[in-house]
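Undergrad: Coordinates in query30.cif, mmCIF, C-alpha atoms, are listed below.
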data_start
#
loop_
_atom_site.label_atom_id
_atom_site.label_comp_id
_atom_site.auth_asym_id
_atom_site.auth_seq_id
_atom_site.Cartn_x
_atom_site.Cartn_y
_atom_site.Cartn_z
CA MET A 1 0.00 0.00 0.00
CA ASP A 2 1.33 3.41 -0.96
CA LEU A 3 1.95 5.78 1.90
CA SER A 4 0.86 9.40 1.70
CA ASP A 5 3.52 12.11 1.72
CA ARG A 6 2.78 12.82 5.35
CA GLU A 7 3.01 9.15 6.29
CA CYS A 8 6.34 8.90 4.49
CA VAL A 9 7.69 11.87 6.41
CA GLU A 10 6.44 10.43 9.70
CA ALA A 11 8.03 7.07 8.87
CA VAL A 12 11.35 8.78 8.17
CA LEU A 13 11.14 10.64 11.46
CA ASN A 14 10.39 7.35 13.19
CA GLY A 15 13.61 5.78 12.01
CA ASP A 16 12.78 4.43 8.56
CA PRO A 17 14.96 6.20 5.98
CA ASP A 18 13.77 3.90 3.21
CA ALA A 19 10.36 5.55 3.38
CA TYR A 20 12.02 8.57 1.80
CA ARG A 21 12.43 6.67 -1.45
CA ASP A 22 8.72 7.02 -2.17
CA LEU A 23 9.07 10.80 -1.94
CA VAL A 24 12.10 10.74 -4.23
CA CYS A 25 10.17 8.75 -6.81
CA ARG A 26 7.15 11.08 -6.61
CA TYR A 27 8.94 14.41 -6.88
CA SER A 28 12.32 13.92 -8.53
CA GLY A 29 10.73 14.53 -11.95
CA ILE A 30 9.36 18.02 -11.21
CA VAL A 31 12.54 19.01 -9.42
CA PHE A 32 14.58 17.75 -12.37
CA ARG A 33 12.53 19.74 -14.90
CA ALA A 34 12.81 22.97 -12.92
CA ALA A 35 16.51 22.38 -12.38
CA ARG A 36 17.07 21.76 -16.06
CA ARG A 37 15.28 25.02 -16.94
CA ILE A 38 17.56 26.92 -14.62
CA THR A 39 20.88 25.18 -15.10
CA GLY A 40 20.41 24.38 -18.77
CA ASN A 41 21.66 20.81 -18.83
CA ASP A 42 20.73 17.33 -17.65
CA ALA A 43 23.92 16.62 -15.74
CA ASP A 44 23.60 19.70 -13.56
CA ALA A 45 19.87 19.10 -13.17
CA GLU A 46 20.51 15.60 -11.85
CA GLU A 47 23.11 16.94 -9.45
CA VAL A 48 20.52 19.46 -8.26
CA VAL A 49 17.95 16.73 -7.71
CA GLN A 50 20.36 14.70 -5.60
CA ASP A 51 21.41 17.72 -3.62
CA SER A 52 17.80 18.82 -3.13
CA PHE A 53 16.59 15.48 -1.79
CA LEU A 54 19.61 15.13 0.47
CA ARG A 55 19.01 18.63 1.86
CA GLY A 56 15.33 17.85 2.19
CA TYR A 57 16.07 14.72 4.21
CA LEU A 58 18.49 16.51 6.51
CA GLN A 59 16.00 19.32 7.08
CA ILE A 60 12.94 17.12 7.34
CA ARG A 61 12.50 17.90 11.03
CA LYS A 62 11.73 21.47 9.97
CA PHE A 63 9.05 20.34 7.53
CA GLU A 64 5.54 21.12 8.73
CA LEU A 65 3.38 18.04 8.37
CA ARG A 66 0.46 20.21 7.31
CA ALA A 67 2.46 21.63 4.38
CA ASP A 68 2.72 20.15 0.92
CA PHE A 69 5.90 18.12 0.53
CA GLY A 70 5.97 18.60 -3.24
CA THR A 71 5.99 22.39 -2.93
CA TRP A 72 8.57 22.22 -0.17
CA ILE A 73 11.03 20.03 -2.09
CA TYR A 74 10.41 22.02 -5.29
CA ARG A 75 11.44 25.18 -3.46
CA ILE A 76 14.59 23.48 -2.21
CA GLY A 77 15.26 22.32 -5.77
CA VAL A 78 14.96 25.83 -7.25
CA ASN A 79 17.32 27.18 -4.61
CA CYS A 80 19.79 24.38 -5.20
CA ALA A 81 19.66 25.06 -8.94
CA LEU A 82 20.32 28.75 -8.41
CA ASP A 83 23.18 27.91 -6.05
CA LEU A 84 24.70 25.62 -8.65
CA LEU A 85 24.25 28.22 -11.37
CA ARG A 86 26.03 30.84 -9.26
CA LYS A 87 28.79 28.35 -8.54
CA ARG A 88 29.17 27.65 -12.23
CA ARG A 89 29.29 31.39 -12.98
CA ARG A 90 32.01 31.93 -10.41
CA GLN A 91 33.98 29.04 -11.83
CA ALA A 92 33.57 30.38 -15.36
CA GLU A 93 34.56 33.91 -14.31
CA SER A 94 37.66 32.73 -12.47
CA ALA A 95 38.65 30.60 -15.46
CA GLY A 96 37.93 33.48 -17.88
CA ASP A 97 35.48 31.36 -19.82
CA GLU A 98 32.12 32.37 -21.18
CA LEU A 99 29.22 30.83 -19.33
CA PRO A 100 27.46 28.11 -21.26
CA PRO A 101 23.90 29.07 -22.11
CA ALA A 102 21.42 28.28 -19.34
CA VAL A 103 19.00 26.42 -21.53
CA ASP A 104 18.87 22.77 -22.29
CA GLY A 105 20.12 22.01 -25.75
CA ALA A 106 18.34 18.71 -26.05
CA ALA A 107 16.09 18.81 -29.06
CA GLY A 108 12.46 17.80 -28.80
CA PRO A 109 10.06 17.49 -31.72
CA GLU A 110 8.92 21.15 -31.56
CA ARG A 111 12.43 22.31 -31.01
CA LEU A 112 13.44 20.87 -34.36
CA LEU A 113 11.08 23.35 -35.99
CA LEU A 114 13.22 26.25 -34.85
CA SER A 115 15.98 27.31 -37.11
CA ALA A 116 19.53 26.69 -35.97
CA GLU A 117 20.10 30.42 -35.80
CA LEU A 118 17.04 31.04 -33.68
CA ASP A 119 18.02 28.20 -31.38
CA HIS A 120 21.49 29.56 -30.99
CA ARG A 121 20.18 33.09 -30.39
CA TRP A 122 17.67 31.86 -27.81
CA ARG A 123 20.25 29.93 -25.84
CA SER A 124 22.65 32.82 -26.01
CA ALA A 125 19.98 35.28 -24.83
CA MET A 126 19.00 33.02 -21.93
CA GLY A 127 22.65 32.82 -20.98
CA ARG A 128 22.82 36.61 -20.65
CA LEU A 129 20.02 36.79 -18.10
CA THR A 130 20.87 37.05 -14.45
CA ASP A 131 20.29 33.95 -12.34
CA VAL A 132 17.12 35.34 -10.82
CA GLU A 133 15.81 36.60 -14.17
CA ALA A 134 16.46 33.24 -15.82
CA ALA A 135 14.85 31.35 -12.96
CA ALA A 136 11.87 33.71 -12.74
CA PHE A 137 11.31 33.62 -16.51
CA SER A 138 11.63 29.83 -16.70
CA LEU A 139 9.30 29.30 -13.80
CA ARG A 140 6.73 31.73 -15.20
CA HIS A 141 6.74 30.89 -18.89
CA MET A 142 8.02 27.33 -19.00
CA GLU A 143 6.84 25.87 -15.72
CA ASP A 144 3.68 28.00 -15.71
CA ARG A 145 4.08 29.01 -12.07
CA ALA A 146 2.19 32.00 -10.66
CA VAL A 147 4.16 35.15 -9.89
CA SER A 148 3.32 34.86 -6.18
CA GLU A 149 4.67 31.33 -6.16
CA ILE A 150 7.85 32.44 -7.95
CA ALA A 151 8.30 35.18 -5.37
CA GLU A 152 8.04 32.60 -2.63
CA LEU A 153 10.37 30.16 -4.36
CA LEU A 154 13.04 32.78 -4.98
CA ALA A 155 12.51 34.46 -1.60
CA ILE A 156 11.79 37.85 -3.15
CA SER A 157 8.77 40.16 -3.14
CA VAL A 158 5.96 39.65 -5.62
CA GLU A 159 6.82 42.98 -7.25
CA SER A 160 10.47 41.93 -7.60
CA ALA A 161 9.41 38.62 -9.11
CA LYS A 162 7.16 40.42 -11.57
CA GLN A 163 9.96 42.83 -12.49
CA SER A 164 12.46 39.97 -12.88
CA VAL A 165 10.17 38.19 -15.31
CA PHE A 166 9.53 41.39 -17.25
CA ARG A 167 13.23 42.29 -17.45
CA ALA A 168 13.97 38.79 -18.72
CA VAL A 169 11.26 39.13 -21.37
CA GLN A 170 12.63 42.52 -22.45
CA LYS A 171 16.18 41.18 -22.76
CA LEU A 172 15.07 38.15 -24.71
CA ARG A 173 12.93 40.34 -26.95
CA ARG A 174 15.87 42.59 -27.77
CA GLU A 175 18.07 39.58 -28.51
CA LEU A 176 15.55 37.88 -30.72
CA ALA A 177 14.15 40.96 -32.51
CA PRO A 178 16.82 41.19 -35.25
CA LEU A 179 16.21 37.58 -36.06
CA ARG A 180 12.50 38.19 -36.57
CA VAL A 181 13.20 41.07 -38.94
CA LYS A 182 15.47 38.79 -40.95
CA GLN A 183 12.81 36.12 -41.10
CA MET B 1 -1.39 58.59 -31.51
CA LYS B 2 -0.17 57.46 -28.14
CA HIS B 3 1.59 54.11 -28.30
CA LEU B 4 1.34 51.34 -25.79
CA SER B 5 4.13 50.85 -23.26
CA ASP B 6 6.20 47.67 -23.11
CA GLU B 7 4.47 46.70 -19.89
CA GLU B 8 1.09 47.07 -21.55
CA LEU B 9 2.17 45.03 -24.56
CA TYR B 10 3.57 42.27 -22.34
CA GLY B 11 0.42 42.27 -20.25
CA LEU B 12 -1.63 42.20 -23.41
CA LYS B 13 0.16 39.10 -24.59
CA GLN B 14 -0.66 37.39 -21.34
CA SER B 15 -4.32 38.45 -21.31
CA PRO B 16 -5.39 39.78 -24.74
CA GLU B 17 -8.80 41.08 -23.68
CA GLY B 18 -9.48 44.74 -23.12
CA GLY B 19 -9.53 48.07 -24.92
CA LEU B 20 -5.80 47.90 -25.64
CA ALA B 21 -6.39 45.12 -28.15
CA LYS B 22 -8.34 47.56 -30.29
CA HIS B 23 -5.39 49.94 -30.38
CA LEU B 24 -3.16 47.07 -31.35
CA ARG B 25 -5.28 46.31 -34.40
CA GLU B 26 -5.03 49.91 -35.53
CA CYS B 27 -1.39 50.71 -34.71
CA GLU B 28 1.29 49.04 -36.84
CA GLU B 29 4.16 50.11 -34.61
CA CYS B 30 2.60 48.70 -31.47
CA SER B 31 1.58 45.61 -33.35
CA ALA B 32 5.18 45.03 -34.43
CA ARG B 33 6.46 45.41 -30.88
CA TYR B 34 3.69 43.13 -29.68
CA GLN B 35 4.88 40.47 -32.11
CA GLU B 36 8.33 40.66 -30.55
CA PHE B 37 6.89 39.91 -27.12
CA ALA B 38 4.79 37.16 -28.63
CA ALA B 39 7.88 35.62 -30.19
CA VAL B 40 9.63 35.44 -26.84
CA LEU B 41 6.74 33.76 -25.11
CA GLU B 42 6.16 31.38 -28.01
CA SER B 43 9.82 30.42 -27.96
CA ALA B 44 9.55 29.75 -24.25
CA ALA B 45 6.46 27.63 -24.81
CA ALA B 46 8.19 25.70 -27.59
CA GLU B 47 11.18 25.23 -25.35
CA ALA B 48 8.97 23.91 -22.56
CA ALA B 49 7.04 21.62 -24.87
CA GLY B 50 10.19 20.34 -26.50
CA THR B 51 11.87 19.47 -23.27
CA PRO B 52 12.40 15.74 -23.07
CA PRO B 53 11.17 13.92 -19.97
CA PRO B 54 13.62 13.19 -17.17
CA PRO B 55 15.77 10.10 -17.65
CA GLY B 56 13.87 6.89 -16.89
CA ASP B 57 16.31 5.72 -14.25
CA LEU B 58 16.52 9.11 -12.55
CA ASN B 59 14.81 7.90 -9.37
CA ASP B 60 17.15 4.93 -8.96
CA ARG B 61 20.23 7.02 -9.59
CA VAL B 62 19.16 9.74 -7.17
CA TRP B 63 18.27 7.20 -4.50
CA ALA B 64 21.52 5.29 -4.95
CA ALA B 65 23.44 8.54 -4.66
CA ILE B 66 21.80 9.84 -1.49
CA HIS B 67 20.86 6.65 0.36
CA PRO B 68 24.29 6.01 1.99
CA SER B 69 24.27 9.57 3.36
CA LEU B 70 20.87 9.41 5.05
CA PRO B 71 21.04 9.27 8.84
CA VAL B 72 18.43 7.27 10.76
CA TYR B 73 16.24 9.52 12.90
CA ARG B 74 15.32 8.27 16.33
CA ARG B 75 11.67 7.81 17.10
CA GLU B 76 9.86 11.04 17.86
CA GLU B 77 6.74 10.31 19.82
CA GLN B 78 5.52 13.86 19.59
CA ARG B 79 5.47 13.98 15.81
CA SER B 80 4.59 10.38 15.10
CA SER B 81 1.26 10.50 16.90
CA GLY B 82 0.06 13.61 15.14
CA TRP B 83 -1.73 16.59 16.54
CA PHE B 84 -3.54 14.65 19.25
CA ALA B 85 -0.27 13.55 20.81
CA GLY B 86 1.04 17.09 20.33
CA TRP B 87 -2.00 18.40 22.19
CA TRP B 88 -1.38 16.01 25.07
CA THR B 89 2.33 16.77 25.07
CA GLN B 90 1.56 20.47 25.28
CA ARG B 91 -0.78 19.84 28.18
CA LEU B 92 1.87 17.74 29.90
CA VAL B 93 4.50 20.42 29.39
CA TRP B 94 2.23 23.14 30.75
CA GLY B 95 1.10 20.88 33.57
CA GLY B 96 4.71 20.13 34.44
CA ALA B 97 5.59 23.80 34.39
CA LEU B 98 2.69 24.66 36.67
CA ALA B 99 3.56 21.81 39.04
CA ALA B 100 7.16 23.03 39.18
CA LEU B 101 5.95 26.54 39.94
CA ALA B 102 3.67 25.25 42.68
CA LEU B 103 6.54 23.22 44.14
CA ILE B 104 8.84 26.24 44.14
CA GLY B 105 6.11 28.35 45.75
CA THR B 106 5.46 25.75 48.43
CA ALA B 107 9.17 25.39 49.15
CA PHE B 108 9.51 29.16 49.44
CA TRP B 109 6.52 29.41 51.76
CA ALA B 110 7.77 26.50 53.87
CA GLY B 111 11.19 28.12 54.07
CA ARG B 112 9.70 31.39 55.21
CA LEU B 113 7.59 29.57 57.81
CA PHE B 114 10.59 27.60 59.03
CA GLU B 115 12.69 30.75 59.34
CA ARG B 116 9.92 32.49 61.23
CA GLU B 117 9.49 29.53 63.58
CA ARG B 118 13.20 29.43 64.19
CA ALA B 119 13.73 33.17 64.54
CA GLY B 120 10.70 33.79 66.77
CA PRO B 121 11.94 32.20 70.02
CA ASP B 122 15.44 33.65 69.54
CA LEU B 123 14.19 37.20 69.27
CA ALA B 124 11.83 36.70 72.16
CA SER B 125 14.56 35.29 74.40
CA GLN B 126 16.90 38.08 73.30
CA ALA B 127 14.29 40.65 74.19
CA ALA B 128 13.73 39.03 77.56
CA SER B 129 17.40 38.79 78.45
CA GLN B 130 18.29 42.25 77.21
CA PRO B 131 15.29 44.49 77.86
CA GLY B 132 14.95 47.32 75.45
CA ARG B 133 17.72 46.18 73.08
CA VAL B 134 15.51 44.84 70.36
CA VAL B 135 13.18 47.77 70.73
CA LEU B 136 16.06 50.17 70.59
CA VAL B 137 17.36 48.62 67.40
CA VAL B 138 13.95 49.12 65.89
CA VAL B 139 13.48 52.69 67.15
CA ARG B 140 17.04 53.87 66.55
CA GLU B 141 16.15 55.63 63.37
CA HIS B 142 13.14 57.15 65.10
CA LEU B 143 15.33 58.52 67.87
CA ASP B 144 17.82 59.93 65.36
CA ARG B 145 15.05 61.73 63.51
CA SER B 146 13.63 63.01 66.79
CA GLU B 147 17.04 64.25 67.84
CA ARG B 148 17.41 66.19 64.59
CA LEU B 149 14.00 67.77 65.15
CA LEU B 150 14.85 68.75 68.74
CA VAL B 151 18.21 70.22 67.67
CA GLU B 152 16.48 72.23 64.99
CA LEU B 153 13.92 73.44 67.49
CA ASP B 154 16.65 74.31 69.97
CA HIS B 155 18.51 76.43 67.46
CA ALA B 156 15.41 77.99 65.98
CA GLY B 157 15.10 80.20 69.03
CA HIS B 158 17.98 82.30 67.78
CA LEU B 159 16.01 83.34 64.72
CA ALA B 160 13.61 86.20 64.85
CA ARG B 161 10.98 84.18 63.01
CA MET B 162 10.76 80.57 61.79
CA GLU B 163 8.48 79.15 59.18
CA ASP B 164 7.46 75.98 60.95
CA GLY B 165 5.59 74.22 58.19
CA PRO B 166 8.21 71.51 57.54
CA LEU B 167 8.96 71.20 61.27
CA ALA B 168 5.31 70.69 62.16
CA ARG B 169 4.91 68.10 59.41
CA GLU B 170 7.99 66.22 60.56
CA ALA B 171 6.69 66.36 64.16
CA SER B 172 3.35 65.01 63.00
CA ASP B 173 5.06 62.09 61.19
CA LEU B 174 7.23 61.32 64.20
CA LEU B 175 4.24 61.47 66.51
CA GLU B 176 2.54 58.53 64.82
CA ASP B 177 5.68 56.41 64.98
CA ASN B 178 6.38 57.51 68.53
CA ARG B 179 3.03 56.19 69.75
CA LEU B 180 3.73 52.81 68.24
CA TYR B 181 7.17 52.65 69.81
CA ARG B 182 5.79 53.67 73.20
CA GLN B 183 3.47 50.67 73.14
CA THR B 184 6.38 48.41 72.16
CA THR B 185 8.60 49.88 74.87
CA ALA B 186 6.00 49.07 77.49
CA VAL B 187 6.40 45.39 76.54
CA SER B 188 10.21 45.57 76.58
CA LYS B 189 10.23 46.92 80.13
CA ASP B 190 12.81 49.66 79.50
CA PRO B 191 11.73 52.52 81.83
CA ALA B 192 14.40 54.99 80.67
CA LEU B 193 13.40 54.63 77.04
CA ALA B 194 9.72 54.69 77.94
CA GLN B 195 10.23 57.95 79.80
CA VAL B 196 12.05 59.54 76.88
CA LEU B 197 9.36 58.51 74.46
CA ASP B 198 6.64 59.85 76.78
CA ARG B 199 8.26 63.23 76.97
CA LEU B 200 9.01 63.21 73.26
CA ASP B 201 5.35 62.52 72.65
CA ARG B 202 4.32 65.68 74.43
CA VAL B 203 6.85 67.81 72.57
CA LEU B 204 5.81 66.37 69.23
CA VAL B 205 2.15 67.07 69.99
CA GLU B 206 2.94 70.66 70.80
CA VAL B 207 5.13 71.24 67.75
CA SER B 208 2.74 69.54 65.35
CA HIS B 209 -0.15 71.69 66.60
CA GLN B 210 1.59 75.03 66.54
CA PRO B 211 0.19 77.75 64.26
CA ALA B 212 1.57 78.15 60.77
CA ALA B 213 4.40 80.40 61.85
CA LEU B 214 6.25 80.70 65.14
CA ASP B 215 8.23 83.79 66.02
CA GLY B 216 11.37 83.71 68.16
CA GLY B 217 9.40 84.31 71.36
CA GLY B 218 6.96 81.49 70.70
CA ILE B 219 9.73 79.04 70.01
CA ALA B 220 11.59 80.05 73.14
CA ARG B 221 8.46 79.53 75.24
CA LEU B 222 7.86 76.12 73.76
CA ARG B 223 11.46 75.08 74.29
CA GLU B 224 11.29 76.17 77.88
CA GLN B 225 7.91 74.59 78.63
CA MET B 226 8.89 71.31 77.10
CA ASN B 227 12.43 71.42 78.45
CA VAL B 228 13.68 70.52 75.04
CA ASP B 229 17.30 70.74 76.15
CA GLY B 230 16.67 68.25 78.94
CA LEU B 231 14.78 65.88 76.63
CA LEU B 232 17.58 66.07 74.09
CA PHE B 233 20.07 65.16 76.78
CA GLU B 234 17.98 62.21 78.04
CA LEU B 235 17.44 60.95 74.52
CA ARG B 236 21.19 60.97 73.84
CA VAL B 237 21.91 59.19 77.12
CA VAL B 238 19.39 56.45 76.37
CA ARG B 239 20.64 56.05 72.84
CA ASP B 240 24.30 55.90 73.91
CA ARG B 241 23.52 53.37 76.61
CA HIS B 242 21.75 51.10 74.23
CA ASN B 243 24.44 51.50 71.61
CA ARG B 244 26.96 50.36 74.19
CA ILE B 245 24.82 47.36 75.16
CA GLU B 246 24.45 46.42 71.52
CA LYS B 247 28.20 46.57 70.93
CA GLU B 248 28.88 44.41 73.99
CA THR B 249 26.32 41.89 72.82
CA LYS B 250 27.99 41.67 69.43
CA LEU B 251 31.36 41.06 71.05
#
Represent the supplied structure as C-alpha cells.

TA:
Amino acid sequence: MDLSDRECVEAVLNGDPDAYRDLVCRYSGIVFRAARRITGNDADAEEVVQDSFLRGYLQIRKFELRADFGTWIYRIGVNCALDLLRKRRRQAESAGDELPPAVDGAAGPERLLLSAELDHRWRSAMGRLTDVEAAAFSLRHMEDRAVSEIAELLAISVESAKQSVFRAVQKLRRELAPLRVKQ
Amino acid sequence: MKHLSDEELYGLKQSPEGGLAKHLRECEECSARYQEFAAVLESAAAEAAGTPPPPGDLNDRVWAAIHPSLPVYRREEQRSSGWFAGWWTQRLVWGGALAALALIGTAFWAGRLFERERAGPDLASQAASQPGRVVLVVVREHLDRSERLLVELDHAGHLARMEDGPLAREASDLLEDNRLYRQTTAVSKDPALAQVLDRLDRVLVEVSHQPAALDGGGIARLREQMNVDGLLFELRVVRDRHNRIEKETKL
C-alpha cells in the first residue's frame, strides 16, 4: 500500500529512511525539470535533484506536516539550482570562460522546428540573463508558475518577481528581434 | 497617436482582452512590438514543450546517490502520533511547568515559615534577656530623627521668626511612629526609654499643633515649657547606653 507524503515523512522521522524513497520517486521529476530550466543541462539538473533530496532529508525535522511536501522540495530544488548556477558562474569567471547558455540544448520534436540560428540566439539570450531573471522567466513561462509562487520560491517580493520576469522578457525580446526582422 | 508601453504590450500578450487590443489592431508600430513579445513567449512555450522527460532511471540514480548519506532519525513520539499527541504533550509540558511553579512556591513558603518559627523564640529570648535592646534597634532611626528635630527646634530660638511648616509636618510624622514605639517599649520593660518617648510625645504634639508660623518668642516659650534641652540630653543618654549594650552583645 502506498503511503501518503505525510506518512512517508512520519516514517522517516520514526527511524525508517527507506520511506524517503517514495518521496524521491514522486517528486524527482518536477525538481529535475525545474533544475534543467535553470541550469540548462541534464547533468547539472541531476546533481541538483540529488542535492535537493539530500538537503530535504536533513531538514525534514523542519518540515511542517500540514504543508505540501511537493511544494517544499520544489522550493529546495529551485534554490539548489540557483546555487549551482552561481557556482558555475564563479567558476567560469575565475577561469575566464564564457558561461554556457542556461537552456537545455536537447532537441524535442517542436524544437526541431526552430531554425539553428534562432536556437542559438535563444540559448545565447537566456545565458545573458541574471540567475534570478532566468529562474523567474523559466518558472513563469516554461513551468507555468504563478508570480506569487515564484516570489516565494526565490525568496523575493511579488513585485520583484514580476519585475524579474519582465526584465527577462525585455532582454530576450531585444536579442531575438533582429532575427525576426530577418525572417 | 499614443503608443502602448512595453508593460502594456507584455500584459496584453498574457491576457489579450481589453480596450488595448483595439489599439493594437489599428497601430502598426505597437503591433510590431507586440509580435516581438509574442515571439519570446512562443519560444519559451516551444522550449517547454520540447523538453524531453527526465531520464527513466533518474529515481534509482538519485536514491543510490543519497541513500548512503541518510542518517536514521530516532523515534519522535511527539510527531509520530500527530496533533492529538502534540496536544497532550503540550498539556503535559504546561502541567509540568505549573507543578514546578507550585513546588517552588510551596518550598519558598515553607522556608519562610521555618525561618519564622526558628527566629521567633530567639528574638523573644533576646528581648527578655536584654530588655529594650531589640526595641532600641527598631526605634534607633526614630530617635535619630527626633534628635534632629529637637536640635532644629533648639537652634530655631535664635532666629527672629521661623516658618514651621516643615517642622510641624515632621513632628506630626514622628508622633505617629512615637506612639507605636511607646506601646512596644512598654512590653520591653525599658523605663528609661519609655520615659524619653513619653516626653518626646508631648513635645511632638505641641510642635505639630503650633500655628503656621512661630516667632522667636513662641519658640523660646515652647522650648522652655517642654524642656527641650533636657529631653535632648535624656534621649542621647538612652541612645548611647543602648548602643553600648548592643556593641557588647555583638562582642

Undergrad: Kindly determine which residues of chain B lie within 9 Å of chain A, considering all atoms listed in the file, and give the answer as a PyMOL selection string.

TA: chain B and resi 6-7+10+36-41+43-55+58-63+65-67+69-77+79-82

Undergrad: So, with only C-alpha atoms as the atoms that count, which of B:Ala21, B:Leu200, B:Leu180, B:Ala64 lies closest to Arg145 (chain B)?

TA: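 Going through B:Ala21, B:Leu200, B:Leu180, B:Ala64 one by one, the smallest distance to Arg145 (chain B) is for B:Leu200.
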
Undergrad: Hey, can you check how far CA of Glu147 (chain B) sits from CA of Leu232 (chain B)?

TA: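 Interatomic distance, CA of Glu147 (chain B) to CA of Leu232 (chain B): 6.5 Å.
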
Undergrad: Hey, what comes out of the PyMOL selection byres ((chain B and resi 142) around 12) on this file? Could you write it as number ranges by chain?

TA: B: 135-141, 143-149, 170-171, 173-182, 197, 200, 235, 239

Undergrad: Kindly export the residues of the current selection with C-alpha atoms, as a PDB file, keeping the file's coordinate frame.

TA:
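So the final result, stored in out09.pdb, reads:
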ATOM      1  CA  VAL B 135      13.180  47.770  70.730  1.00  0.00           C
ATOM      2  CA  LEU B 136      16.060  50.170  70.590  1.00  0.00           C
ATOM      3  CA  VAL B 137      17.360  48.620  67.400  1.00  0.00           C
ATOM      4  CA  VAL B 138      13.950  49.120  65.890  1.00  0.00           C
ATOM      5  CA  VAL B 139      13.480  52.690  67.150  1.00  0.00           C
ATOM      6  CA  ARG B 140      17.040  53.870  66.550  1.00  0.00           C
ATOM      7  CA  GLU B 141      16.150  55.630  63.370  1.00  0.00           C
ATOM      8  CA  LEU B 143      15.330  58.520  67.870  1.00  0.00           C
ATOM      9  CA  ASP B 144      17.820  59.930  65.360  1.00  0.00           C
ATOM     10  CA  ARG B 145      15.050  61.730  63.510  1.00  0.00           C
ATOM     11  CA  SER B 146      13.630  63.010  66.790  1.00  0.00           C
ATOM     12  CA  GLU B 147      17.040  64.250  67.840  1.00  0.00           C
ATOM     13  CA  ARG B 148      17.410  66.190  64.590  1.00  0.00           C
ATOM     14  CA  LEU B 149      14.000  67.770  65.150  1.00  0.00           C
ATOM     15  CA  GLU B 170       7.990  66.220  60.560  1.00  0.00           C
ATOM     16  CA  ALA B 171       6.690  66.360  64.160  1.00  0.00           C
ATOM     17  CA  ASP B 173       5.060  62.090  61.190  1.00  0.00           C
ATOM     18  CA  LEU B 174       7.230  61.320  64.200  1.00  0.00           C
ATOM     19  CA  LEU B 175       4.240  61.470  66.510  1.00  0.00           C
ATOM     20  CA  GLU B 176       2.540  58.530  64.820  1.00  0.00           C
ATOM     21  CA  ASP B 177       5.680  56.410  64.980  1.00  0.00           C
ATOM     22  CA  ASN B 178       6.380  57.510  68.530  1.00  0.00           C
ATOM     23  CA  ARG B 179       3.030  56.190  69.750  1.00  0.00           C
ATOM     24  CA  LEU B 180       3.730  52.810  68.240  1.00  0.00           C
ATOM     25  CA  TYR B 181       7.170  52.650  69.810  1.00  0.00           C
ATOM     26  CA  ARG B 182       5.790  53.670  73.200  1.00  0.00           C
ATOM     27  CA  LEU B 197       9.360  58.510  74.460  1.00  0.00           C
ATOM     28  CA  LEU B 200       9.010  63.210  73.260  1.00  0.00           C
ATOM     29  CA  LEU B 235      17.440  60.950  74.520  1.00  0.00           C
ATOM     30  CA  ARG B 239      20.640  56.050  72.840  1.00  0.00           C
TER      31      ARG B 239
END

Undergrad: Please measure the separation of CA of Glu234 (chain B) and CA of Gly217 (chain B), giving the value in Å to one decimal.

TA: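 Those two atoms sit 24.6 Å apart.
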
Undergrad: In terms of the shortest atom-to-atom distance over all atoms listed in the file, which of A:Gln91, A:Ser148, A:Asn79, A:Asn41 is closest to Gly56 (chain A)?

TA: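 Of A:Gln91, A:Ser148, A:Asn79, A:Asn41, the one nearest Gly56 (chain A) is A:Asn79, counting all atoms listed in the file.
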
Undergrad: Could you work out how far CA of Arg121 (chain A) lies from CA of Gly77 (chain A), giving the answer in Å with one decimal?

TA: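 One can read the CA of Gly77 (chain A) to CA of Arg121 (chain A) distance as 27.3 Å.
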
Undergrad: Output region 125-136 of chain A as a JSON list (two decimals), in the frame of the given file, making sure N, CA and C atoms are there.

TA:
[["chain", "number", "residue", "atom", "x", "y", "z"],
["A", 125, "ALA", "N", 20.73, 34.25, -25.57],
["A", 125, "ALA", "CA", 19.98, 35.28, -24.83],
["A", 125, "ALA", "C", 19.68, 34.81, -23.42],
["A", 126, "MET", "N", 19.29, 33.56, -23.28],
["A", 126, "MET", "CA", 19.00, 33.02, -21.93],
["A", 126, "MET", "C", 20.26, 33.05, -21.07],
["A", 127, "GLY", "N", 21.38, 32.82, -21.71],
["A", 127, "GLY", "CA", 22.65, 32.82, -20.98],
["A", 127, "GLY", "C", 23.05, 34.19, -20.47],
["A", 128, "ARG", "N", 22.48, 35.23, -21.07],
["A", 128, "ARG", "CA", 22.82, 36.61, -20.65],
["A", 128, "ARG", "C", 21.92, 37.10, -19.52],
["A", 129, "LEU", "N", 20.89, 36.37, -19.22],
["A", 129, "LEU", "CA", 20.02, 36.79, -18.10],
["A", 129, "LEU", "C", 20.73, 36.55, -16.77],
["A", 130, "THR", "N", 20.33, 37.33, -15.79],
["A", 130, "THR", "CA", 20.87, 37.05, -14.45],
["A", 130, "THR", "C", 20.24, 35.75, -13.95],
["A", 131, "ASP", "N", 20.81, 35.22, -12.89],
["A", 131, "ASP", "CA", 20.29, 33.95, -12.34],
["A", 131, "ASP", "C", 18.81, 34.07, -11.97],
["A", 132, "VAL", "N", 18.50, 35.17, -11.28],
["A", 132, "VAL", "CA", 17.12, 35.34, -10.82],
["A", 132, "VAL", "C", 16.19, 35.57, -12.00],
["A", 133, "GLU", "N", 16.64, 36.35, -12.98],
["A", 133, "GLU", "CA", 15.81, 36.60, -14.17],
["A", 133, "GLU", "C", 15.55, 35.30, -14.91],
["A", 134, "ALA", "N", 16.62, 34.51, -15.09],
["A", 134, "ALA", "CA", 16.46, 33.24, -15.82],
["A", 134, "ALA", "C", 15.51, 32.30, -15.08],
["A", 135, "ALA", "N", 15.71, 32.24, -13.75],
["A", 135, "ALA", "CA", 14.85, 31.35, -12.96],
["A", 135, "ALA", "C", 13.41, 31.85, -12.98],
["A", 136, "ALA", "N", 13.24, 33.16, -12.78],
["A", 136, "ALA", "CA", 11.87, 33.71, -12.74],
["A", 136, "ALA", "C", 11.18, 33.52, -14.09]]
